[in-house]
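Colleague: My questions all concern the structure below.
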Amino acid sequence: MKSLAVAAGAVAGLARFLADRGWAPGNVVAACAAAAVLVVAAVVAYDMIRIRTTRWRLTPERLELRSGITVRQHRSIPRDRVRSVNLRADPVLRAFGLTVVKVGTGEHAAEETELALNPVTRHEAESLRQALLRQGPVEGPAPGDGPLAELRWSWIRYAPLSVWTFTGAALLLGALYKALSSIGAKGVATRAATGLWDWVIAQPLVAVPLLLAVNVAAGGLGAVLLFAESWGRYRLEREPGRLRLRRGLLTTRSLTLEERRLRGVEISEPLLLRLGGGARVKTIATGLGKAAEHETEDVAALAPPLPRALAWRLAARIARIEPAPEHHAHAPGLSTADTRILGASRAHAITPGPSEAAERAREAVGADMAGLTTGALVAHPVAARRRRIVRALVTAAVPAAMAGAVAWEVPWPWLRASVWAVPAVALVAGMWAAVEDARSLGHALGTRHLVTRQGAVVRRTIALDRRGVSGWTITETYFQRRSGLVTVSAVTSAGKGRYDVVDVGRTEGLELAAGAVPGLLEPFLVRCEPEPFPARG
């Protein structure tokens with residue numbers, strides 16, 4: 001497959017070069033065919049030599065890899081530094097029974113945080129996965145082991161609820177135009193684009209809605225197909241001491257994480273997905289590598305977009321915090337079939353309630369996810385909302401000033417009136433974002449987890465294991481200081497490295513940090529004792 005991709009680019013460039021030199025079409029085809037054969041043969045020979053010169057071995061202490069043709073490279077990682085094992089096989093590798101193994105170490109400082117064995121047999125990959133993540137004596141199944149979640153194809157309805165649905169077709173057309181230009185067909189692409197633009201100018205009332213509908217339909221279809229390929233045969237299960245994720249129709253993927261490296265979970269709710277009642281579940285763990293430059297997948301995702309109630313409950317099961325029964329009884333949209341899909345020990349038939357009850361139930365499950373006994377996250381001060389509203393007004397004032405300058409200069413009345421639509425839209429969007437962001441703010445401290453939530457366009461709820469917090473960063477800007485607010489950031493070696501509790505009251509934020517990890521912040525705190533009332537004579 002790699003050789004065909006390289007050959008296609010080489011043939012396209014050669015065809016364009018020879019056509020510009022006036023070669024006959026028959027001679028161009030013959031030259032391109034010969035070039036394609038040579039390129040494919042060269043790539044295949046290079047891969048065969050690379051595989052023949054690559055050696056790896058697993059010792060009781062280390063995993064070692066020797067590779068390279070002209071420059072030999074020897075890499076070695078201690079087995080106790082292994083954090084994750086990722087198996088990936090595209091259709092070509094699957095046809096030959098091969099798999100690519102990537103071993104993650106979780107070292108953020110190094111450029112190469114993964115050791116890749118490309119390729120090994122499927123049996124060797126599975127044996128290596130089990131050996132690398134087996135530390136100490138093998139334990140039997142523990143309570144909660146087994147399937148956590150499996151795919152339901154009804155979840156595919158959440159696939160189009162993404163910004164790519166509205167931009168994917170336009171990006172595809174741009175890539176197609178660039179590809180046609182690279183093979184010498186730029187004139188054809190230009191004529192097609194010019195004809196399309198002339199049609200839009202001639203009949204805008206017909207062309208614009210039709211093009212928008214085609215763009216959304218094509219983007220939605222692409223999102224559905226991508227969901228099916230990426231999340232087909234999805235299964236998340238808990239093995240003794242490990243979490244294993246398997247998915248993929250054409251290209252199979254398998255990710256195994258040690259549970260002792262798990263530092264929390266994240267519930268992500270982008271705007272469109274939130275409006276559709278869905279959410280995503282991600283892991284906060286050490287040892288997860290970053291996606292390659294040509295890959296768009298989120299390596300931390302533990303589940304496809306799924307109903308919000310299922311997402312909250314799945315996150316609770318991943319963190320080994322089972323919600324209380326009364327919370328099951330009010331979780332919105334959770335049916336008996338959904339409970340079975342999540343591998344629950346007890347099935348609960350759930351009836352969706354009103355929106356306010358659903359919101360309260362979601363908050364209760366989120367609080368219980370952190371081991372809390374209260375029913376909701378702690379709201380942030382009113383000053384946090386005021387800061388966001390002022391910020392939105394200031395932001396809207398910039399386009400308003402520009403619109404005023406344009407209206408003063410231009411002589412056409414229709415243009416003077418229309419330019420004010422820009423600051424009006426900016427004001428409405430900014431105020432909505434300010435109110436929604438303030439409404440999303442919240443935090444809580446549970447027996448095991450620190451929970452924080454923020455975000456308007458993408459609302460994120462983080463349940464961070466308190467044992468994984470290695471430090472605190474307290475940030476107080478000039479405007480925060482005037483409002484009595486601070487931003488408390490928990491520093492950890494997992495995930496993004498730090499997670500913020502934004503715009504919390506100064507005293508409340510410091511108490512939160514001191515209570516989350518007792519003794520870590522105490523040496524830097526000065527507690528003010530209340531002054532006694534003077535005695536009356």
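In the structure tokens, chains take the letters A, B, ... in the order shown, each chain's residues start at 1, and ligands count up from 1 in the order shown.
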Determine which residues of range 4-207 of chain A DSSP labels as helix (DSSP H, G or I) from the backbone of this structure, then write them out as JSON, numbers by chain.
Modeller: {"A": [4, 5, 6, 7, 8, 9, 10, 11, 12, 13, 14, 15, 16, 17, 18, 19, 20, 25, 26, 27, 28, 29, 30, 31, 32, 33, 34, 35, 36, 37, 38, 39, 40, 41, 42, 43, 44, 45, 46, 47, 48, 49, 50, 51, 52, 79, 80, 81, 91, 92, 93, 94, 95, 122, 123, 124, 125, 126, 127, 128, 129, 130, 131, 132, 153, 154, 155, 156, 157, 158, 164, 165, 166, 167, 168, 169, 170, 171, 172, 173, 174, 175, 176, 177, 178, 179, 180, 181, 182, 186, 187, 188, 189, 190, 191, 192, 193, 194, 195, 196, 197, 198, 199, 200, 201, 202, 204, 205, 206, 207]}
Colleague: Let's have the selection written as a CSV table (one decimal), in the first residue's frame, with C-alpha atoms.
Modeller:
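After the write, again.csv holds the following:
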chain,number,residue,atom,x,y,z
A,4,LEU,CA,1.4,2.3,-4.4
A,5,ALA,CA,1.0,5.7,-2.7
A,6,VAL,CA,4.6,6.6,-3.5
A,7,ALA,CA,4.2,5.3,-7.1
A,8,ALA,CA,1.1,7.4,-7.6
A,9,GLY,CA,2.8,10.6,-6.7
A,10,ALA,CA,5.9,9.8,-8.8
A,11,VAL,CA,3.8,8.9,-11.8
A,12,ALA,CA,1.7,12.1,-11.5
A,13,GLY,CA,4.8,14.2,-11.5
A,14,LEU,CA,6.4,12.3,-14.3
A,15,ALA,CA,3.3,12.5,-16.5
A,16,ARG,CA,3.1,16.3,-16.0
A,17,PHE,CA,6.8,16.7,-16.8
A,18,LEU,CA,6.7,14.6,-20.0
A,19,ALA,CA,3.4,16.2,-21.2
A,20,ASP,CA,5.0,19.7,-20.9
A,25,PRO,CA,0.5,10.1,-25.1
A,26,GLY,CA,1.6,6.5,-25.8
A,27,ASN,CA,5.2,7.2,-24.8
A,28,VAL,CA,4.0,9.0,-21.7
A,29,VAL,CA,1.9,6.0,-20.6
A,30,ALA,CA,4.8,3.6,-21.2
A,31,ALA,CA,7.3,5.8,-19.3
A,32,CYS,CA,4.8,6.2,-16.4
A,33,ALA,CA,4.2,2.4,-16.3
A,34,ALA,CA,7.9,1.7,-16.2
A,35,ALA,CA,8.4,4.3,-13.5
A,36,ALA,CA,5.6,2.8,-11.4
A,37,VAL,CA,7.1,-0.7,-11.6
A,38,LEU,CA,10.5,0.7,-10.6
A,39,VAL,CA,9.1,2.7,-7.7
A,40,VAL,CA,7.1,-0.2,-6.3
A,41,ALA,CA,10.0,-2.6,-6.6
A,42,ALA,CA,12.3,-0.1,-4.9
A,43,VAL,CA,9.9,0.4,-2.0
A,44,VAL,CA,9.3,-3.3,-1.6
A,45,ALA,CA,13.0,-4.0,-1.6
A,46,TYR,CA,13.7,-1.3,1.0
A,47,ASP,CA,11.0,-2.7,3.3
A,48,MET,CA,12.3,-6.2,3.0
A,49,ILE,CA,15.9,-5.0,3.8
A,50,ARG,CA,14.5,-3.0,6.7
A,51,ILE,CA,12.6,-6.0,8.1
A,52,ARG,CA,15.6,-8.3,7.7
A,79,ARG,CA,9.9,-3.0,31.4
A,80,ASP,CA,8.8,-1.2,34.5
A,81,ARG,CA,8.5,2.1,32.5
A,91,PRO,CA,-6.1,-4.2,5.8
A,92,VAL,CA,-2.8,-5.1,4.1
A,93,LEU,CA,-1.2,-6.1,7.4
A,94,ARG,CA,-4.3,-8.1,8.4
A,95,ALA,CA,-4.2,-10.0,5.2
A,122,ARG,CA,-0.4,-11.3,15.4
A,123,HIS,CA,0.5,-14.1,17.9
A,124,GLU,CA,3.8,-12.4,18.8
A,125,ALA,CA,2.0,-9.0,19.3
A,126,GLU,CA,-0.6,-10.5,21.6
A,127,SER,CA,2.0,-12.4,23.6
A,128,LEU,CA,4.2,-9.3,23.9
A,129,ARG,CA,1.2,-7.2,25.0
A,130,GLN,CA,0.4,-9.6,27.8
A,131,ALA,CA,4.0,-9.9,28.9
A,132,LEU,CA,4.8,-6.2,29.0
A,153,TRP,CA,-25.1,1.0,16.1
A,154,SER,CA,-27.8,3.4,17.2
A,155,TRP,CA,-24.9,5.6,18.5
A,156,ILE,CA,-24.0,6.4,14.9
A,157,ARG,CA,-26.7,9.1,15.0
A,158,TYR,CA,-24.2,11.2,17.0
A,164,TRP,CA,-16.6,18.5,10.3
A,165,THR,CA,-20.1,17.9,8.9
A,166,PHE,CA,-20.2,21.5,7.8
A,167,THR,CA,-16.6,21.9,6.7
A,168,GLY,CA,-15.6,18.4,5.5
A,169,ALA,CA,-16.9,18.6,2.0
A,170,ALA,CA,-15.3,22.1,1.4
A,171,LEU,CA,-11.9,20.7,2.7
A,172,LEU,CA,-12.3,17.7,0.4
A,173,LEU,CA,-12.9,19.9,-2.6
A,174,GLY,CA,-9.8,22.0,-1.7
A,175,ALA,CA,-7.7,18.8,-1.5
A,176,LEU,CA,-9.1,17.6,-4.8
A,177,TYR,CA,-8.3,20.9,-6.5
A,178,LYS,CA,-4.7,20.7,-5.2
A,179,ALA,CA,-4.3,17.1,-6.4
A,180,LEU,CA,-5.6,18.0,-9.9
A,181,SER,CA,-3.2,20.9,-10.1
A,182,SER,CA,-0.3,18.7,-9.1
A,186,LYS,CA,-5.2,22.7,-13.1
A,187,GLY,CA,-7.0,24.1,-16.1
A,188,VAL,CA,-9.8,21.6,-15.7
A,189,ALA,CA,-10.2,22.4,-12.0
A,190,THR,CA,-10.1,26.2,-12.7
A,191,ARG,CA,-12.7,26.0,-15.4
A,192,ALA,CA,-15.0,23.9,-13.1
A,193,ALA,CA,-14.6,26.4,-10.3
A,194,THR,CA,-15.2,29.3,-12.6
A,195,GLY,CA,-18.4,27.8,-14.0
A,196,LEU,CA,-19.6,27.0,-10.4
A,197,TRP,CA,-19.0,30.6,-9.3
A,198,ASP,CA,-20.8,32.0,-12.4
A,199,TRP,CA,-23.8,29.8,-11.6
A,200,VAL,CA,-23.8,31.1,-8.0
A,201,ILE,CA,-23.7,34.7,-9.2
A,202,ALA,CA,-26.4,34.2,-11.7
A,204,PRO,CA,-27.9,32.9,-5.8
A,205,LEU,CA,-31.3,32.0,-4.4
A,206,VAL,CA,-31.1,28.5,-5.9
A,207,ALA,CA,-27.3,27.9,-5.9
Colleague: Tell me which protein, DNA and RNA residues are within 6 Å of Gly232 in chain A, counting only C-alpha atoms, leaving out same-chain ones fewer than 2 positions away, and put them as number ranges by chain.
Modeller: A: 228-230, 234, 247-249
Colleague: What would the file look like if the residues just selected were written as a PDB file, in the first residue's frame with all heavy atoms?
Modeller:
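Below is the file that was written, result-v2.pdb:
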ATOM      1  N   ALA A 228     -18.189   4.532  11.384  1.00  0.00           N
ATOM      2  CA  ALA A 228     -18.307   3.086  11.190  1.00  0.00           C
ATOM      3  C   ALA A 228     -16.937   2.431  11.070  1.00  0.00           C
ATOM      4  O   ALA A 228     -16.701   1.354  11.632  1.00  0.00           O
ATOM      5  CB  ALA A 228     -19.147   2.801   9.944  1.00  0.00           C
ATOM      6  N   GLU A 229     -16.005   3.077  10.360  1.00  0.00           N
ATOM      7  CA  GLU A 229     -14.677   2.473  10.201  1.00  0.00           C
ATOM      8  C   GLU A 229     -13.865   2.539  11.489  1.00  0.00           C
ATOM      9  O   GLU A 229     -13.171   1.594  11.849  1.00  0.00           O
ATOM     10  CB  GLU A 229     -13.922   3.189   9.085  1.00  0.00           C
ATOM     11  CG  GLU A 229     -12.734   2.423   8.531  1.00  0.00           C
ATOM     12  CD  GLU A 229     -11.537   2.394   9.451  1.00  0.00           C
ATOM     13  OE1 GLU A 229     -11.259   3.431  10.094  1.00  0.00           O
ATOM     14  OE2 GLU A 229     -10.873   1.345   9.549  1.00  0.00           O
ATOM     15  N   SER A 230     -13.970   3.655  12.212  1.00  0.00           N
ATOM     16  CA  SER A 230     -13.141   3.836  13.402  1.00  0.00           C
ATOM     17  C   SER A 230     -13.666   3.065  14.604  1.00  0.00           C
ATOM     18  O   SER A 230     -12.879   2.531  15.390  1.00  0.00           O
ATOM     19  CB  SER A 230     -13.046   5.329  13.753  1.00  0.00           C
ATOM     20  OG  SER A 230     -12.432   6.054  12.718  1.00  0.00           O
ATOM     21  N   TYR A 234     -16.382  -2.091  18.308  1.00  0.00           N
ATOM     22  CA  TYR A 234     -15.851  -1.476  19.522  1.00  0.00           C
ATOM     23  C   TYR A 234     -16.179  -2.327  20.738  1.00  0.00           C
ATOM     24  O   TYR A 234     -17.295  -2.836  20.903  1.00  0.00           O
ATOM     25  CB  TYR A 234     -16.446  -0.077  19.688  1.00  0.00           C
ATOM     26  CG  TYR A 234     -16.337   0.486  21.082  1.00  0.00           C
ATOM     27  CD1 TYR A 234     -15.127   0.950  21.575  1.00  0.00           C
ATOM     28  CD2 TYR A 234     -17.456   0.553  21.909  1.00  0.00           C
ATOM     29  CE1 TYR A 234     -15.023   1.475  22.854  1.00  0.00           C
ATOM     30  CE2 TYR A 234     -17.367   1.070  23.187  1.00  0.00           C
ATOM     31  CZ  TYR A 234     -16.160   1.527  23.653  1.00  0.00           C
ATOM     32  OH  TYR A 234     -16.064   2.035  24.922  1.00  0.00           O
ATOM     33  N   ARG A 247     -11.222  -1.783  18.600  1.00  0.00           N
ATOM     34  CA  ARG A 247     -12.173  -1.176  17.669  1.00  0.00           C
ATOM     35  C   ARG A 247     -11.596  -1.210  16.264  1.00  0.00           C
ATOM     36  O   ARG A 247     -10.413  -1.509  16.071  1.00  0.00           O
ATOM     37  CB  ARG A 247     -12.476   0.272  18.068  1.00  0.00           C
ATOM     38  CG  ARG A 247     -11.254   1.196  18.064  1.00  0.00           C
ATOM     39  CD  ARG A 247     -11.603   2.545  18.647  1.00  0.00           C
ATOM     40  NE  ARG A 247     -10.462   3.447  18.705  1.00  0.00           N
ATOM     41  CZ  ARG A 247     -10.156   4.326  17.769  1.00  0.00           C
ATOM     42  NH1 ARG A 247     -10.906   4.416  16.681  1.00  0.00           N
ATOM     43  NH2 ARG A 247      -9.124   5.121  17.895  1.00  0.00           N
ATOM     44  N   GLY A 248     -12.445  -0.855  15.288  1.00  0.00           N
ATOM     45  CA  GLY A 248     -12.005  -0.735  13.908  1.00  0.00           C
ATOM     46  C   GLY A 248     -12.569  -1.812  12.998  1.00  0.00           C
ATOM     47  O   GLY A 248     -12.510  -2.989  13.328  1.00  0.00           O
ATOM     48  N   LEU A 249     -13.120  -1.387  11.851  1.00  0.00           N
ATOM     49  CA  LEU A 249     -13.624  -2.333  10.850  1.00  0.00           C
ATOM     50  C   LEU A 249     -12.516  -2.742   9.886  1.00  0.00           C
ATOM     51  O   LEU A 249     -12.214  -3.928   9.736  1.00  0.00           O
ATOM     52  CB  LEU A 249     -14.789  -1.711  10.081  1.00  0.00           C
ATOM     53  CG  LEU A 249     -16.166  -1.722  10.753  1.00  0.00           C
ATOM     54  CD1 LEU A 249     -17.197  -1.110   9.829  1.00  0.00           C
ATOM     55  CD2 LEU A 249     -16.572  -3.127  11.146  1.00  0.00           C
TER      56      LEU A 249
END
Colleague: Please extract the residues of range 147-255 of chain A with a backbone DSSP assignment of strand (DSSP E or B) and present them as a list in words.
Modeller: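 Secondary structure check on range 147-255 of chain A, strand (DSSP E or B): Pro147, Leu148, Ala149, Glu150, Arg235, Leu236, Glu237, Arg238, Glu239, Arg242, Leu243, Arg244, Leu245, Arg246, Arg247, Thr252, Arg253, Ser254 and Leu255 of chain A.
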Colleague: Could you tell me which of A:Val265, A:Ala401, A:Leu512, A:Ala426 comes closest to Leu464 in chain A if we count only C-alpha atoms?
Modeller: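 Among A:Val265, A:Ala401, A:Leu512, A:Ala426, it is A:Val265 that comes nearest to Leu464 in chain A.
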Colleague: Name all residues at most 10 Å from range 473-483 of chain A (count only C-alpha atoms; drop same-chain ones fewer than 6 positions away) and give them as a PyMOL selection string.
Modeller: chain A and resi 381-384+386-387+489-491+498-506+509-510+513
Colleague: Could you save those same residues with all heavy atoms as a compact mmCIF listing (two decimals), in the first residue's frame?
Modeller:
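Below is the file out01.txt, written as the result:
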# COMPACT_ATOMS: atom_id res chain seq x y z
N PRO A 381 -18.29 31.95 42.24
CA PRO A 381 -18.88 33.23 42.65
C PRO A 381 -19.50 33.99 41.49
O PRO A 381 -19.21 33.75 40.31
CB PRO A 381 -17.68 33.98 43.24
CG PRO A 381 -16.70 32.93 43.62
CD PRO A 381 -16.88 31.83 42.62
N VAL A 382 -20.36 34.94 41.86
CA VAL A 382 -21.02 35.79 40.85
C VAL A 382 -19.99 36.61 40.09
O VAL A 382 -20.19 36.96 38.92
CB VAL A 382 -22.06 36.70 41.55
CG1 VAL A 382 -22.73 37.61 40.53
CG2 VAL A 382 -23.10 35.87 42.28
N ALA A 383 -18.87 36.91 40.72
CA ALA A 383 -17.83 37.70 40.04
C ALA A 383 -17.30 36.98 38.81
O ALA A 383 -16.86 37.64 37.84
CB ALA A 383 -16.68 37.99 41.01
N ALA A 384 -17.32 35.65 38.80
CA ALA A 384 -16.86 34.91 37.62
C ALA A 384 -17.78 35.17 36.43
O ALA A 384 -17.32 35.36 35.30
CB ALA A 384 -16.81 33.42 37.94
N ARG A 386 -19.64 37.90 36.09
CA ARG A 386 -19.47 39.30 35.73
C ARG A 386 -18.24 39.49 34.86
O ARG A 386 -18.26 40.27 33.89
CB ARG A 386 -19.37 40.13 37.00
CG ARG A 386 -19.27 41.63 36.74
CD ARG A 386 -19.40 42.45 38.00
NE ARG A 386 -18.34 42.14 38.96
CZ ARG A 386 -18.53 41.51 40.11
NH1 ARG A 386 -19.74 41.12 40.45
NH2 ARG A 386 -17.50 41.27 40.92
N ARG A 387 -17.15 38.79 35.16
CA ARG A 387 -15.94 38.89 34.35
C ARG A 387 -16.20 38.49 32.91
O ARG A 387 -15.74 39.14 31.96
CB ARG A 387 -14.83 38.01 34.92
CG ARG A 387 -14.18 38.53 36.18
CD ARG A 387 -12.91 37.77 36.44
NE ARG A 387 -11.91 38.08 35.44
CZ ARG A 387 -11.03 37.22 34.96
NH1 ARG A 387 -11.07 35.96 35.33
NH2 ARG A 387 -10.13 37.59 34.07
N SER A 489 -4.63 25.33 39.58
CA SER A 489 -4.28 24.32 38.59
C SER A 489 -3.61 23.15 39.27
O SER A 489 -2.60 23.33 39.97
CB SER A 489 -3.34 24.91 37.52
OG SER A 489 -3.92 26.05 36.91
N ALA A 490 -4.16 21.98 39.06
CA ALA A 490 -3.58 20.75 39.58
C ALA A 490 -2.57 20.22 38.57
O ALA A 490 -2.92 19.98 37.40
CB ALA A 490 -4.66 19.71 39.86
N VAL A 491 -1.34 20.01 38.99
CA VAL A 491 -0.26 19.53 38.12
C VAL A 491 -0.16 18.02 38.27
O VAL A 491 -0.13 17.49 39.38
CB VAL A 491 1.07 20.19 38.48
CG1 VAL A 491 2.19 19.69 37.56
CG2 VAL A 491 0.95 21.71 38.39
N ARG A 498 -1.82 19.51 33.37
CA ARG A 498 -2.43 20.39 34.37
C ARG A 498 -3.91 20.55 34.07
O ARG A 498 -4.32 20.59 32.90
CB ARG A 498 -1.75 21.75 34.43
CG ARG A 498 -1.71 22.50 33.12
CD ARG A 498 -1.04 23.84 33.26
NE ARG A 498 -1.90 24.79 33.97
CZ ARG A 498 -1.52 26.03 34.28
NH1 ARG A 498 -0.30 26.43 33.97
NH2 ARG A 498 -2.34 26.84 34.90
N TYR A 499 -4.69 20.65 35.13
CA TYR A 499 -6.14 20.81 35.00
C TYR A 499 -6.57 21.92 35.95
O TYR A 499 -6.22 21.94 37.12
CB TYR A 499 -6.85 19.49 35.32
CG TYR A 499 -6.54 18.42 34.29
CD1 TYR A 499 -5.47 17.54 34.47
CD2 TYR A 499 -7.27 18.33 33.11
CE1 TYR A 499 -5.17 16.58 33.52
CE2 TYR A 499 -6.97 17.38 32.16
CZ TYR A 499 -5.92 16.51 32.37
OH TYR A 499 -5.61 15.57 31.42
N ASP A 500 -7.35 22.87 35.38
CA ASP A 500 -7.64 24.13 36.06
C ASP A 500 -9.02 24.14 36.69
O ASP A 500 -9.99 23.62 36.12
CB ASP A 500 -7.54 25.30 35.07
CG ASP A 500 -6.17 25.38 34.41
OD1 ASP A 500 -5.19 24.97 35.06
OD2 ASP A 500 -6.10 25.84 33.25
N VAL A 501 -9.08 24.77 37.87
CA VAL A 501 -10.34 25.19 38.47
C VAL A 501 -10.37 26.70 38.30
O VAL A 501 -9.69 27.43 39.01
CB VAL A 501 -10.43 24.78 39.95
CG1 VAL A 501 -11.78 25.19 40.53
CG2 VAL A 501 -10.22 23.28 40.11
N VAL A 502 -11.13 27.18 37.32
CA VAL A 502 -11.03 28.56 36.84
C VAL A 502 -11.95 29.47 37.65
O VAL A 502 -13.11 29.11 37.93
CB VAL A 502 -11.37 28.64 35.34
CG1 VAL A 502 -11.23 30.07 34.83
CG2 VAL A 502 -10.48 27.71 34.54
N ASP A 503 -11.43 30.65 37.99
CA ASP A 503 -12.23 31.71 38.61
C ASP A 503 -13.02 31.22 39.82
O ASP A 503 -14.23 31.38 39.90
CB ASP A 503 -13.17 32.32 37.57
CG ASP A 503 -12.46 33.24 36.61
OD1 ASP A 503 -11.30 33.60 36.90
OD2 ASP A 503 -13.04 33.59 35.57
N VAL A 504 -12.31 30.64 40.76
CA VAL A 504 -12.91 30.24 42.03
C VAL A 504 -12.53 31.29 43.07
O VAL A 504 -11.54 32.01 42.92
CB VAL A 504 -12.40 28.84 42.43
CG1 VAL A 504 -10.92 28.84 42.70
CG2 VAL A 504 -13.17 28.29 43.62
N GLY A 505 -13.35 31.42 44.11
CA GLY A 505 -13.03 32.36 45.17
C GLY A 505 -11.67 32.08 45.78
O GLY A 505 -11.26 30.92 45.90
N ARG A 506 -10.97 33.15 46.18
CA ARG A 506 -9.59 32.99 46.65
C ARG A 506 -9.50 32.03 47.83
O ARG A 506 -8.74 31.05 47.81
CB ARG A 506 -9.02 34.35 47.03
CG ARG A 506 -7.56 34.29 47.46
CD ARG A 506 -7.03 35.64 47.88
NE ARG A 506 -7.01 36.59 46.76
CZ ARG A 506 -7.82 37.65 46.67
NH1 ARG A 506 -8.73 37.86 47.62
NH2 ARG A 506 -7.75 38.46 45.64
N GLY A 509 -10.68 28.47 46.80
CA GLY A 509 -9.72 27.79 45.94
C GLY A 509 -8.53 27.25 46.70
O GLY A 509 -8.08 26.13 46.47
N LEU A 510 -8.01 28.05 47.63
CA LEU A 510 -6.87 27.59 48.42
C LEU A 510 -7.27 26.44 49.34
O LEU A 510 -6.50 25.48 49.53
CB LEU A 510 -6.30 28.75 49.23
CG LEU A 510 -5.67 29.89 48.41
CD1 LEU A 510 -5.20 31.01 49.31
CD2 LEU A 510 -4.53 29.38 47.54
N ALA A 513 -7.45 23.27 47.20
CA ALA A 513 -6.14 22.69 46.92
C ALA A 513 -5.54 22.04 48.16
O ALA A 513 -4.93 20.96 48.09
CB ALA A 513 -5.20 23.76 46.37
Colleague: Have a look at A:Thr461, A:Ser76, A:Thr452, A:Ser418 and name the one nearest to Val281 in chain A; count only C-alpha atoms.
Modeller: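 The closest residue to Val281 in chain A is A:Thr461.
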